[in-house]
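File shown: my_file30.txt (compact mmCIF, C-alpha atoms and all ligand atoms).
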```txt
# COMPACT_ATOMS: atom_id res chain seq x y z
CA MET A 59 0.00 0.00 0.00
CA ARG A 60 1.34 3.43 -0.90
CA MET A 61 0.44 6.70 0.78
CA TYR A 62 0.70 8.41 -2.61
CA ASP A 63 -2.18 6.29 -4.00
CA ILE A 64 -4.34 6.94 -0.95
CA ILE A 65 -3.90 10.71 -1.29
CA GLU A 66 -4.67 10.48 -5.00
CA ARG A 67 -7.84 8.44 -4.43
CA LYS A 68 -9.19 10.85 -1.83
CA ARG A 69 -8.17 13.85 -3.97
CA ASP A 70 -10.36 12.38 -6.75
CA GLY A 71 -13.32 11.98 -4.42
CA GLN A 72 -13.21 8.23 -3.87
CA SER A 73 -13.90 6.47 -0.57
CA LEU A 74 -11.01 4.97 1.32
CA THR A 75 -11.16 1.38 2.53
CA SER A 76 -10.87 0.35 6.13
CA ASP A 77 -7.35 -1.01 5.42
CA GLU A 78 -6.26 2.25 3.84
CA ILE A 79 -7.53 4.31 6.78
CA ARG A 80 -5.76 2.05 9.26
CA PHE A 81 -2.58 2.19 7.19
CA VAL A 82 -2.61 5.99 7.42
CA VAL A 83 -3.47 6.25 11.12
CA ASN A 84 -1.03 3.57 12.25
CA GLY A 85 1.72 4.73 9.90
CA TYR A 86 1.39 8.33 11.02
CA THR A 87 1.22 7.53 14.74
CA GLY A 88 4.24 5.23 14.35
CA GLY A 89 6.24 7.95 12.58
CA GLU A 90 6.55 6.08 9.26
CA ILE A 91 4.42 8.43 7.17
CA PRO A 92 5.73 12.03 7.01
CA ASP A 93 3.75 15.13 7.94
CA TYR A 94 3.68 16.42 4.34
CA GLN A 95 1.82 13.40 3.02
CA VAL A 96 -0.69 13.37 5.87
CA SER A 97 -1.17 17.13 5.40
CA ALA A 98 -2.08 16.53 1.77
CA LEU A 99 -4.54 13.80 2.73
CA LEU A 100 -6.14 15.98 5.42
CA MET A 101 -6.69 18.72 2.84
CA ALA A 102 -8.18 16.19 0.42
CA ILE A 103 -10.55 15.02 3.19
CA PHE A 104 -11.38 18.64 3.98
CA LEU A 105 -12.35 19.24 0.34
CA GLN A 106 -13.90 15.85 -0.56
CA ASP A 107 -15.48 14.81 2.79
CA MET A 108 -15.82 11.22 4.03
CA THR A 109 -18.70 8.76 3.96
CA GLU A 110 -20.31 7.65 7.24
CA ALA A 111 -18.44 4.35 7.01
CA GLU A 112 -15.10 6.10 6.47
CA ARG A 113 -15.74 8.39 9.44
CA ALA A 114 -16.47 5.41 11.68
CA GLU A 115 -13.32 3.63 10.45
CA LEU A 116 -11.18 6.70 11.07
CA THR A 117 -12.59 6.99 14.59
CA THR A 118 -11.99 3.31 15.36
CA ALA A 119 -8.43 3.50 14.08
CA MET A 120 -7.76 6.52 16.33
CA VAL A 121 -9.36 4.76 19.33
CA GLU A 122 -7.10 1.74 18.74
CA SER A 123 -3.97 3.90 18.47
CA GLY A 124 -3.78 4.16 22.28
CA ASP A 125 -5.15 3.02 25.62
CA GLN A 126 -8.82 2.21 26.06
CA MET A 127 -10.56 2.26 29.42
CA ASP A 128 -12.06 -1.08 30.35
CA LEU A 129 -15.24 -0.36 32.32
CA SER A 130 -16.65 -3.88 32.03
CA ALA A 131 -16.26 -4.42 35.80
CA ILE A 132 -18.83 -1.68 36.40
CA SER A 133 -22.35 -3.06 36.50
CA GLY A 134 -25.08 -1.40 34.47
CA ILE A 135 -25.09 0.67 31.30
CA LYS A 136 -22.46 3.40 31.60
CA VAL A 137 -23.58 6.68 30.06
CA ASP A 138 -21.36 9.67 29.45
CA LYS A 139 -22.24 13.25 28.51
CA HIS A 140 -19.99 15.35 26.34
CA SER A 141 -20.31 19.03 25.58
CA THR A 142 -18.60 20.62 22.59
CA GLY A 143 -17.68 23.46 24.90
CA GLY A 144 -19.17 26.76 25.92
CA VAL A 145 -18.93 29.61 28.37
CA GLY A 146 -19.94 29.01 31.98
CA ASP A 147 -21.06 25.45 31.22
CA THR A 148 -21.42 23.92 34.67
CA THR A 149 -23.64 21.00 33.63
CA THR A 150 -21.23 18.12 34.30
CA LEU A 151 -20.82 19.06 37.97
CA ILE A 152 -24.59 18.89 38.38
CA LEU A 153 -25.45 16.05 36.03
CA ALA A 154 -22.94 13.53 37.34
CA PRO A 155 -24.33 13.28 40.92
CA LEU A 156 -27.91 14.00 39.76
CA VAL A 157 -28.04 11.12 37.29
CA ALA A 158 -26.09 8.87 39.68
CA SER A 159 -28.78 9.51 42.30
CA LEU A 160 -31.14 7.48 40.07
CA GLY A 161 -28.65 4.60 39.92
CA VAL A 162 -27.10 5.39 36.53
CA PRO A 163 -23.34 4.62 36.64
CA VAL A 164 -21.39 7.75 35.67
CA ALA A 165 -17.75 6.90 34.97
CA LYS A 166 -16.38 10.21 33.81
CA MET A 167 -13.00 10.88 32.28
CA SER A 168 -12.38 14.62 32.06
CA GLY A 169 -9.76 17.08 30.96
CA ARG A 170 -8.57 20.49 31.97
CA GLY A 171 -9.82 23.53 30.15
CA LEU A 172 -8.03 25.51 27.48
CA GLY A 173 -9.35 28.99 26.70
CA HIS A 174 -12.57 30.55 28.05
CA THR A 175 -12.77 28.99 31.52
CA GLY A 176 -11.53 25.84 33.18
CA GLY A 177 -12.62 22.30 32.41
CA THR A 178 -14.55 20.05 34.77
CA ILE A 179 -11.37 18.99 36.55
CA ASP A 180 -10.32 22.58 37.20
CA LYS A 181 -13.74 23.28 38.67
CA LEU A 182 -13.65 20.21 40.90
CA GLU A 183 -10.19 21.16 42.10
CA ALA A 184 -11.66 24.38 43.50
CA ILE A 185 -13.00 22.05 46.22
CA PRO A 186 -10.24 21.71 48.83
CA GLY A 187 -8.70 18.23 48.78
CA PHE A 188 -10.56 16.91 45.74
CA HIS A 189 -8.28 14.94 43.44
CA VAL A 190 -8.69 13.01 40.19
CA GLU A 191 -5.35 11.19 40.23
CA ILE A 192 -6.77 7.76 40.97
CA THR A 193 -5.88 4.37 39.47
CA SER A 194 -8.30 2.70 37.07
CA ASP A 195 -9.04 0.06 39.73
CA GLU A 196 -9.95 2.74 42.27
CA PHE A 197 -12.03 4.46 39.61
CA VAL A 198 -14.03 1.31 38.86
CA ASP A 199 -14.51 0.59 42.60
CA LEU A 200 -15.75 4.13 43.24
CA VAL A 201 -18.30 3.94 40.42
CA ASN A 202 -19.54 0.59 41.71
CA GLN A 203 -19.89 2.00 45.25
CA ASN A 204 -21.20 5.51 44.57
CA LYS A 205 -22.36 5.34 40.92
CA VAL A 206 -20.14 8.33 40.15
CA ALA A 207 -16.42 9.11 39.89
CA VAL A 208 -14.25 11.44 37.84
CA VAL A 209 -10.76 10.56 36.68
CA GLY A 210 -8.19 12.67 34.82
CA GLN A 211 -7.61 11.85 31.17
CA THR A 212 -4.74 9.38 30.64
CA GLY A 213 -1.88 10.66 28.54
CA ASN A 214 -2.21 7.90 25.98
CA LEU A 215 -5.87 8.35 25.00
CA ALA A 216 -6.18 8.39 21.19
CA PRO A 217 -2.57 9.53 20.50
CA ALA A 218 -3.32 9.50 16.76
CA ASP A 219 -5.88 12.24 17.35
CA LYS A 220 -3.35 14.33 19.25
CA LYS A 221 -0.87 14.13 16.38
CA LEU A 222 -3.46 14.70 13.68
CA TYR A 223 -4.98 17.62 15.56
CA SER A 224 -1.60 19.38 15.81
CA LEU A 225 -1.14 18.95 12.08
CA ARG A 226 -4.68 20.18 11.29
CA ASP A 227 -4.00 23.20 13.44
CA VAL A 228 -1.18 24.38 11.14
CA THR A 229 -2.65 23.28 7.78
CA ALA A 230 -6.05 25.03 7.89
CA THR A 231 -7.91 21.72 8.23
CA VAL A 232 -9.37 21.99 11.74
CA ASN A 233 -12.79 23.11 10.54
CA SER A 234 -13.89 19.90 8.81
CA ILE A 235 -16.97 17.98 9.98
CA PRO A 236 -15.56 14.45 9.45
CA LEU A 237 -12.29 15.41 11.16
CA ILE A 238 -13.89 17.20 14.13
CA ALA A 239 -16.50 14.48 14.65
CA SER A 240 -13.98 11.62 14.55
CA SER A 241 -11.60 13.55 16.81
CA ILE A 242 -14.20 14.13 19.53
CA MET A 243 -15.74 10.67 19.26
CA SER A 244 -12.38 8.85 19.35
CA LYS A 245 -11.70 10.23 22.83
CA LYS A 246 -15.22 9.47 24.08
CA ILE A 247 -15.16 5.92 22.76
CA ALA A 248 -11.67 5.24 24.14
CA SER A 249 -12.91 6.30 27.57
CA GLY A 250 -15.01 3.14 27.61
CA THR A 251 -18.60 4.35 27.96
CA ASP A 252 -21.52 2.28 26.60
CA ALA A 253 -23.76 5.18 25.63
CA ILE A 254 -23.17 8.87 24.91
CA VAL A 255 -25.31 12.00 25.22
CA LEU A 256 -23.77 14.86 23.23
CA ASP A 257 -24.49 18.49 24.03
CA VAL A 258 -23.61 20.32 20.83
CA LYS A 259 -23.55 24.06 21.43
CA THR A 260 -24.44 26.70 18.89
CA GLY A 261 -24.11 30.49 19.00
CA ALA A 262 -21.42 33.11 19.61
CA GLY A 263 -19.74 31.22 22.47
CA ALA A 264 -19.67 27.88 20.65
CA PHE A 265 -17.22 26.15 18.36
CA MET A 266 -20.04 25.91 15.80
CA LYS A 267 -21.53 29.40 15.66
CA GLN A 268 -24.28 28.61 13.12
CA PHE A 269 -27.15 26.22 13.87
CA GLU A 270 -26.81 24.38 10.52
CA GLU A 271 -23.12 23.63 11.20
CA ALA A 272 -23.89 22.49 14.73
CA LYS A 273 -26.60 20.19 13.38
CA GLU A 274 -24.26 18.70 10.80
CA LEU A 275 -21.63 18.05 13.47
CA ALA A 276 -24.23 16.52 15.78
CA ARG A 277 -25.47 14.21 13.01
CA ALA A 278 -21.90 13.19 12.17
CA MET A 279 -21.06 12.32 15.78
CA VAL A 280 -24.33 10.46 16.40
CA SER A 281 -23.73 8.42 13.25
CA ILE A 282 -20.15 7.52 14.29
CA GLY A 283 -21.22 6.48 17.78
CA ASN A 284 -24.06 4.30 16.53
CA HIS A 285 -21.86 2.78 13.79
CA ILE A 286 -19.37 1.70 16.44
CA GLY A 287 -22.08 0.21 18.64
CA ARG A 288 -22.31 2.92 21.30
CA ASN A 289 -25.84 4.21 21.64
CA THR A 290 -25.44 7.94 20.89
CA MET A 291 -27.79 10.94 20.70
CA ALA A 292 -27.29 14.69 20.62
CA VAL A 293 -29.03 17.77 21.93
CA ILE A 294 -28.28 21.08 20.20
CA SER A 295 -28.36 23.83 22.82
CA ASP A 296 -27.92 27.57 22.90
CA MET A 297 -24.56 29.22 23.55
CA SER A 298 -25.33 32.71 22.28
CA GLN A 299 -25.25 33.88 25.92
CA PRO A 300 -23.39 32.11 28.77
CA LEU A 301 -25.22 29.24 30.47
CA GLY A 302 -26.52 30.06 33.95
CA SER A 303 -25.12 33.09 35.77
CA ALA A 304 -21.60 32.13 36.88
CA ILE A 305 -18.50 32.07 34.68
CA GLY A 306 -15.32 31.10 36.54
CA ASN A 307 -14.28 27.95 38.37
CA ALA A 308 -15.18 28.35 42.07
CA LEU A 309 -18.13 30.58 41.09
CA GLU A 310 -19.47 27.76 38.92
CA VAL A 311 -19.06 25.24 41.75
CA ARG A 312 -21.20 27.52 43.87
CA GLU A 313 -23.76 27.68 41.06
CA ALA A 314 -23.73 23.88 40.81
CA ILE A 315 -24.38 23.63 44.56
CA ASP A 316 -27.38 25.98 44.25
CA THR A 317 -28.71 24.01 41.29
CA LEU A 318 -28.33 20.67 43.09
CA GLN A 319 -30.49 22.13 45.86
CA GLY A 320 -33.17 23.12 43.36
CA ASN A 321 -32.22 26.84 43.44
CA GLY A 322 -30.20 27.13 40.25
CA PRO A 323 -30.65 29.46 37.28
CA HIS A 324 -33.59 28.44 35.11
CA ASP A 325 -31.64 27.71 31.89
CA LEU A 326 -28.93 25.68 33.61
CA THR A 327 -31.50 23.65 35.54
CA GLU A 328 -33.58 22.99 32.42
CA LEU A 329 -30.57 21.90 30.35
CA CYS A 330 -29.43 19.54 33.14
CA LEU A 331 -32.91 18.00 33.30
CA GLU A 332 -33.01 17.60 29.51
CA LEU A 333 -29.54 16.03 29.19
CA GLY A 334 -30.07 14.05 32.38
CA SER A 335 -33.34 12.51 31.15
CA GLN A 336 -31.65 11.46 27.92
CA MET A 337 -28.89 9.80 29.98
CA VAL A 338 -31.37 8.02 32.27
CA VAL A 339 -33.32 6.66 29.28
CA LEU A 340 -30.14 5.47 27.49
CA ALA A 341 -29.14 3.72 30.73
CA ARG A 342 -32.63 2.10 30.77
CA LYS A 343 -33.42 3.43 34.24
CA ALA A 344 -36.65 4.95 32.93
CA ASP A 345 -38.91 4.07 30.00
CA THR A 346 -39.73 7.58 28.85
CA LEU A 347 -38.09 11.00 28.91
CA ASP A 348 -41.04 12.38 30.88
CA GLU A 349 -40.69 9.75 33.58
CA ALA A 350 -36.93 10.36 33.77
CA LYS A 351 -37.39 14.11 34.02
CA GLU A 352 -39.97 13.77 36.74
CA ARG A 353 -37.71 11.55 38.84
CA LEU A 354 -34.70 13.83 38.32
CA THR A 355 -36.73 16.87 39.34
CA GLU A 356 -37.85 15.00 42.45
CA ASN A 357 -34.24 14.29 43.40
CA LEU A 358 -33.29 17.94 42.96
CA ASN A 359 -36.10 18.96 45.28
CA ASN A 360 -35.90 16.23 47.95
CA GLY A 361 -32.15 16.59 48.64
CA LYS A 362 -31.11 13.22 47.18
CA ALA A 363 -29.03 14.72 44.36
CA PHE A 364 -27.40 17.12 46.82
CA ASP A 365 -26.54 14.28 49.23
CA HIS A 366 -25.12 12.30 46.34
CA PHE A 367 -22.91 15.27 45.45
CA LYS A 368 -21.49 15.38 48.99
CA ARG A 369 -20.80 11.66 48.94
CA PHE A 370 -19.05 12.05 45.58
CA LEU A 371 -16.86 14.91 46.88
CA ALA A 372 -15.84 12.99 50.00
CA SER A 373 -15.10 9.80 48.05
CA GLN A 374 -12.36 11.59 46.10
CA GLY A 375 -10.80 13.41 49.05
CA GLY A 376 -12.83 16.61 48.75
CA ASP A 377 -14.03 18.67 51.71
CA ALA A 378 -17.77 17.94 51.52
CA ARG A 379 -18.49 20.76 54.00
CA VAL A 380 -18.14 23.03 50.97
CA ALA A 381 -21.60 21.94 49.85
CA ASP A 382 -23.23 23.49 52.92
CA HIS A 383 -20.62 26.23 53.31
CA PRO A 384 -19.69 27.49 49.82
CA GLU A 385 -17.76 30.33 51.52
CA LEU A 386 -15.02 27.71 52.02
CA LEU A 387 -14.35 27.83 48.26
CA PRO A 388 -11.52 30.05 46.97
CA GLN A 389 -12.73 33.66 47.06
CA SER A 390 -11.36 36.60 45.14
CA PRO A 391 -10.23 39.60 47.21
CA CYS A 392 -11.98 42.24 45.04
CA THR A 393 -15.48 42.54 43.61
CA PHE A 394 -16.92 45.22 41.32
CA GLU A 395 -20.38 45.76 39.94
CA LEU A 396 -20.90 46.67 36.32
CA LEU A 397 -23.72 49.22 36.29
CA ALA A 398 -26.04 49.66 33.32
CA LYS A 399 -25.35 52.91 31.45
CA GLU A 400 -28.90 53.07 30.10
CA SER A 401 -32.37 51.64 30.68
CA GLY A 402 -33.97 49.09 28.36
CA VAL A 403 -34.02 45.36 27.71
CA VAL A 404 -30.91 43.18 27.48
CA SER A 405 -30.76 41.99 23.86
CA LYS A 406 -27.30 40.39 23.68
CA ILE A 407 -24.74 38.95 26.11
CA VAL A 408 -22.10 37.83 23.63
CA ALA A 409 -20.88 34.59 25.17
CA ASP A 410 -17.39 34.40 23.68
CA ASN A 411 -16.60 37.98 24.72
CA ILE A 412 -17.78 37.28 28.28
CA GLY A 413 -15.52 34.21 28.18
CA SER A 414 -12.60 36.39 27.06
CA ALA A 415 -13.28 38.81 29.91
CA ALA A 416 -13.19 35.89 32.37
CA MET A 417 -9.86 34.84 30.79
CA MET A 418 -8.47 38.37 31.28
CA LEU A 419 -9.34 38.03 34.97
CA GLY A 420 -7.34 34.78 35.08
CA ALA A 421 -10.16 32.17 35.00
CA GLY A 422 -8.94 30.37 31.87
CA ARG A 423 -5.70 29.19 30.30
CA ALA A 424 -4.12 30.95 27.33
CA THR A 425 -1.67 28.04 26.91
CA LYS A 426 -1.59 24.53 28.39
CA GLU A 427 1.07 25.68 30.86
CA SER A 428 -0.79 28.71 32.25
CA LYS A 429 -1.92 28.63 35.87
CA ILE A 430 -5.51 29.61 36.48
CA ASP A 431 -6.99 31.56 39.35
CA LEU A 432 -9.89 29.43 40.61
CA SER A 433 -11.55 32.30 42.50
CA VAL A 434 -12.07 34.86 39.72
CA GLY A 435 -14.81 35.32 37.15
CA VAL A 436 -18.12 36.99 36.48
CA VAL A 437 -21.65 36.52 37.86
CA LEU A 438 -24.45 37.78 35.61
CA HIS A 439 -27.48 39.42 37.19
CA LYS A 440 -29.31 39.87 33.89
CA LYS A 441 -29.89 37.58 30.96
CA ILE A 442 -31.25 38.19 27.46
CA GLY A 443 -34.84 39.49 27.67
CA ASP A 444 -34.50 40.99 31.17
CA ALA A 445 -35.47 44.62 31.73
CA VAL A 446 -32.81 46.84 33.25
CA ASN A 447 -32.75 50.36 34.70
CA GLN A 448 -29.87 52.75 34.30
CA GLY A 449 -27.50 52.33 37.28
CA GLU A 450 -28.67 48.80 38.06
CA PRO A 451 -25.92 46.12 38.28
CA LEU A 452 -25.66 43.96 35.14
CA LEU A 453 -23.09 41.67 36.69
CA THR A 454 -20.47 41.33 39.42
CA ILE A 455 -16.76 40.97 38.58
CA HIS A 456 -14.68 38.81 40.95
CA ALA A 457 -11.05 39.84 40.52
CA SER A 458 -7.64 39.40 42.10
CA THR A 459 -6.64 43.04 41.46
CA THR A 460 -8.20 46.49 41.76
CA THR A 461 -7.45 47.41 38.15
CA VAL A 462 -10.21 45.99 36.00
CA ASP A 463 -10.84 48.88 33.60
CA ARG A 464 -10.04 46.86 30.48
CA VAL A 465 -12.23 44.00 31.65
CA LYS A 466 -15.08 46.41 32.31
CA GLU A 467 -14.69 47.91 28.86
CA LYS A 468 -14.81 44.44 27.28
CA LEU A 469 -17.92 43.55 29.30
CA TYR A 470 -19.71 46.77 28.36
CA GLU A 471 -19.04 46.00 24.68
CA SER A 472 -20.48 42.49 25.13
CA ILE A 473 -23.80 43.42 26.69
CA ILE A 474 -26.24 45.18 24.41
CA ILE A 475 -29.26 47.00 25.81
CA ALA A 476 -32.11 47.73 23.40
CA ASP A 477 -35.49 49.43 23.46
CA GLY A 478 -38.72 47.47 23.34
CA VAL A 479 -39.38 43.76 23.48
CA VAL A 480 -36.60 41.21 22.99
CA ASP A 481 -37.19 37.53 22.28
CA THR A 482 -35.18 35.19 24.47
CA PRO A 483 -33.27 32.57 22.49
CA PRO A 484 -34.57 28.99 22.77
CA LEU A 485 -32.52 26.81 25.15
CA ILE A 486 -32.76 23.67 23.01
CA TYR A 487 -32.82 23.91 19.22
CA ASP A 488 -33.01 20.31 18.22
CA THR A 489 -32.51 16.69 19.25
CA ILE A 490 -30.69 14.23 16.97
CA THR A 491 -31.00 10.48 17.40
N1 LIG A 501 -12.40 19.35 19.72
C1 LIG A 501 -11.75 18.20 19.47
O1 LIG A 501 -11.52 17.41 20.37
N2 LIG A 501 -11.36 17.93 18.20
C2 LIG A 501 -11.60 18.76 17.19
O2 LIG A 501 -11.23 18.44 16.08
C3 LIG A 501 -12.26 19.96 17.45
C4 LIG A 501 -12.66 20.23 18.73
CA CA A 502 -22.61 28.95 34.57
```
So that I can check it, write out the structure of this file as structure tokens.
Amino acid sequence: MRMYDIIERKRDGQSLTSDEIRFVVNGYTGGEIPDYQVSALLMAIFLQDMTEAERAELTTAMVESGDQMDLSAISGIKVDKHSTGGVGDTTTLILAPLVASLGVPVAKMSGRGLGHTGGTIDKLEAIPGFHVEITSDEFVDLVNQNKVAVVGQTGNLAPADKKLYSLRDVTATVNSIPLIASSIMSKKIASGTDAIVLDVKTGAGAFMKQFEEAKELARAMVSIGNHIGRNTMAVISDMSQPLGSAIGNALEVREAIDTLQGNGPHDLTELCLELGSQMVVLARKADTLDEAKERLTENLNNGKAFDHFKRFLASQGGDARVADHPELLPQSPCTFELLAKESGVVSKIVADNIGSAAMMLGAGRATKESKIDLSVGVVLHKKIGDAVNQGEPLLTIHASTTTVDRVKEKLYESIIIADGVVDTPPLIYDTIT
């Protein structure tokens, strides 16, 4: 088999065979095929696309390029949730104990964040003592005991994806549906879950800004998952404005605590119930979405989800007192209110700009090596559609310094106040099965 022929076939719009795809992935991971040939193939894929079968083969080859988690010792159907990433997305912290409280095993492998705000692990590490450096045996035992555990991503998960992604990054081939979908799904499938609920975000703060693109990506990922025998579905949700009120690690933990007690922001609570019901149904712990939603709502209101959260924190070394005393979380020394300059109705809260403002405060990483400040961030007091009077606080800034003029300027640019009636964006745009 020759790499030259494979490039030529894809250039001419033909489908690659399973053997050809494996030849490329294994040869590239093993260092036998040079960057320039793989670059040419990536561009050919970018321009010619891949069939559903090719996408599934590419994903499988990337999964098999590294370690795969073996979760077979965990009883029940393991269901994972994956979000394509947004601003202030606190859902995992809430969903994991909430869904576990109905007996669904949640064996979660998570990463640290890059950009906007931290990842799930960064947020959990805002809880004193909590750690994710556990062995796979401990991980399996914890899920069997408590139905929920979170472990840090192993270094050798889908190494082919890591190498291909770096190459895509410098060859203008990141933004390709078959390449994005196989990249995301390879890591999910290698982490060993039986079923997957995808939360594909759309809007200013999302990777896919347009709904049609988000839908195409969702369809591609659902098809790959189902092709490979992992029951997969996707929800397309709004990321034009940040989710919930809090953006920033410890601030989002606090928001998760409120939500687990039934006092969370409306949009965050609704999205958790929607994604959670899908997870419960895939795990066959309820027959219908309505039944699942009803039981999840019950557990938010009767304290069961909250108790499960405390048990989860303690089981991984965390100080569970934080749940009842969120003031024990890291707190920033300075707070500032951003006051509305005019009266009207909030018409835009541009999510990616709010994310950038949180980054400027130190809540996110610019590079993999950056250290983040867990205490800083932003808490919104208004969302799209809310009326506001001049001089009323739009949000509170939590900062480590007294000089936040540039951050304030950025935030003012990101929040648009209009006259008259403003329609609130829908929370869920579509569901793909
Ligand atoms: N996230 C990924 O993991 N891979 C991509 O290709 C794009 C976003
Ligand atoms: Ca939030």
### Message
Please return as a list of chain:residue names the residues found within 6 Å of ligand CA 502 (chain A), counting only C-alpha atoms and all ligand atoms.
### Response
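I would give the residues around ligand CA 502 (chain A) as A:Gly146, A:Asp147, A:Thr148, A:Leu301, A:Gly302, A:Ser303, A:Ala304, A:Ile305, A:Glu310.
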### Task
Using only C-alpha atoms and all ligand atoms, find the one residue out of A:Arg464, A:Lys245, A:Lys136, A:Lys181 that sits nearest to ligand LIG 501 (chain A).
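Between A:Arg464, A:Lys245, A:Lys136, A:Lys181, the residue approaching ligand LIG 501 (chain A) most closely is A:Lys245.
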### Message
Show me which residues line ligand LIG 501 (chain A), defined as having an atom within 12 Å of a ligand atom where all atoms listed in the file count, and present them as a PyMOL selection string.
### Response
chain A and resi 117+140-144+169+171-172+215-227+230-246+258-259+264-266+275+279
Near-Phe367 in chain A list (6 Å; all atoms listed in the file; drop same-chain fewer than 3 positions) as a compact mmCIF listing (two decimals) with C-alpha atoms, in the frame of the given file:
```
# COMPACT_ATOMS: atom_id res chain seq x y z
CA PRO A 155 -24.33 13.28 40.92
CA PHE A 364 -27.40 17.12 46.82
CA PHE A 370 -19.05 12.05 45.58
```
### Query
For the atom pair CA of Asp128 in chain A and CA of Asp365 in chain A, what is the interatomic distance in Å to one decimal place?
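According to the coordinates, CA of Asp128 in chain A and CA of Asp365 in chain A are separated by 28.3 Å.
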#### Entry: Selected residue of minimal separation from Asp125 in chain A among A:Gly177, A:Gly261, A:Pro92, A:Gly213, counting all atoms listed in the file
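Looking at the shortest contact to Asp125 in chain A, the residue is A:Gly213.
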### Message
Show me, as a PyMOL selection string, the residues that have an atom within 12 Å of Lys351 in chain A when counting all atoms listed in the file, minus same-chain residues fewer than 6 positions from it.
### Response
chain A and resi 156-157+160+327-339+343-345+357-358
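Note that CA of Asp463 in chain A and CA of Gly443 in chain A are 26.4 Å apart.
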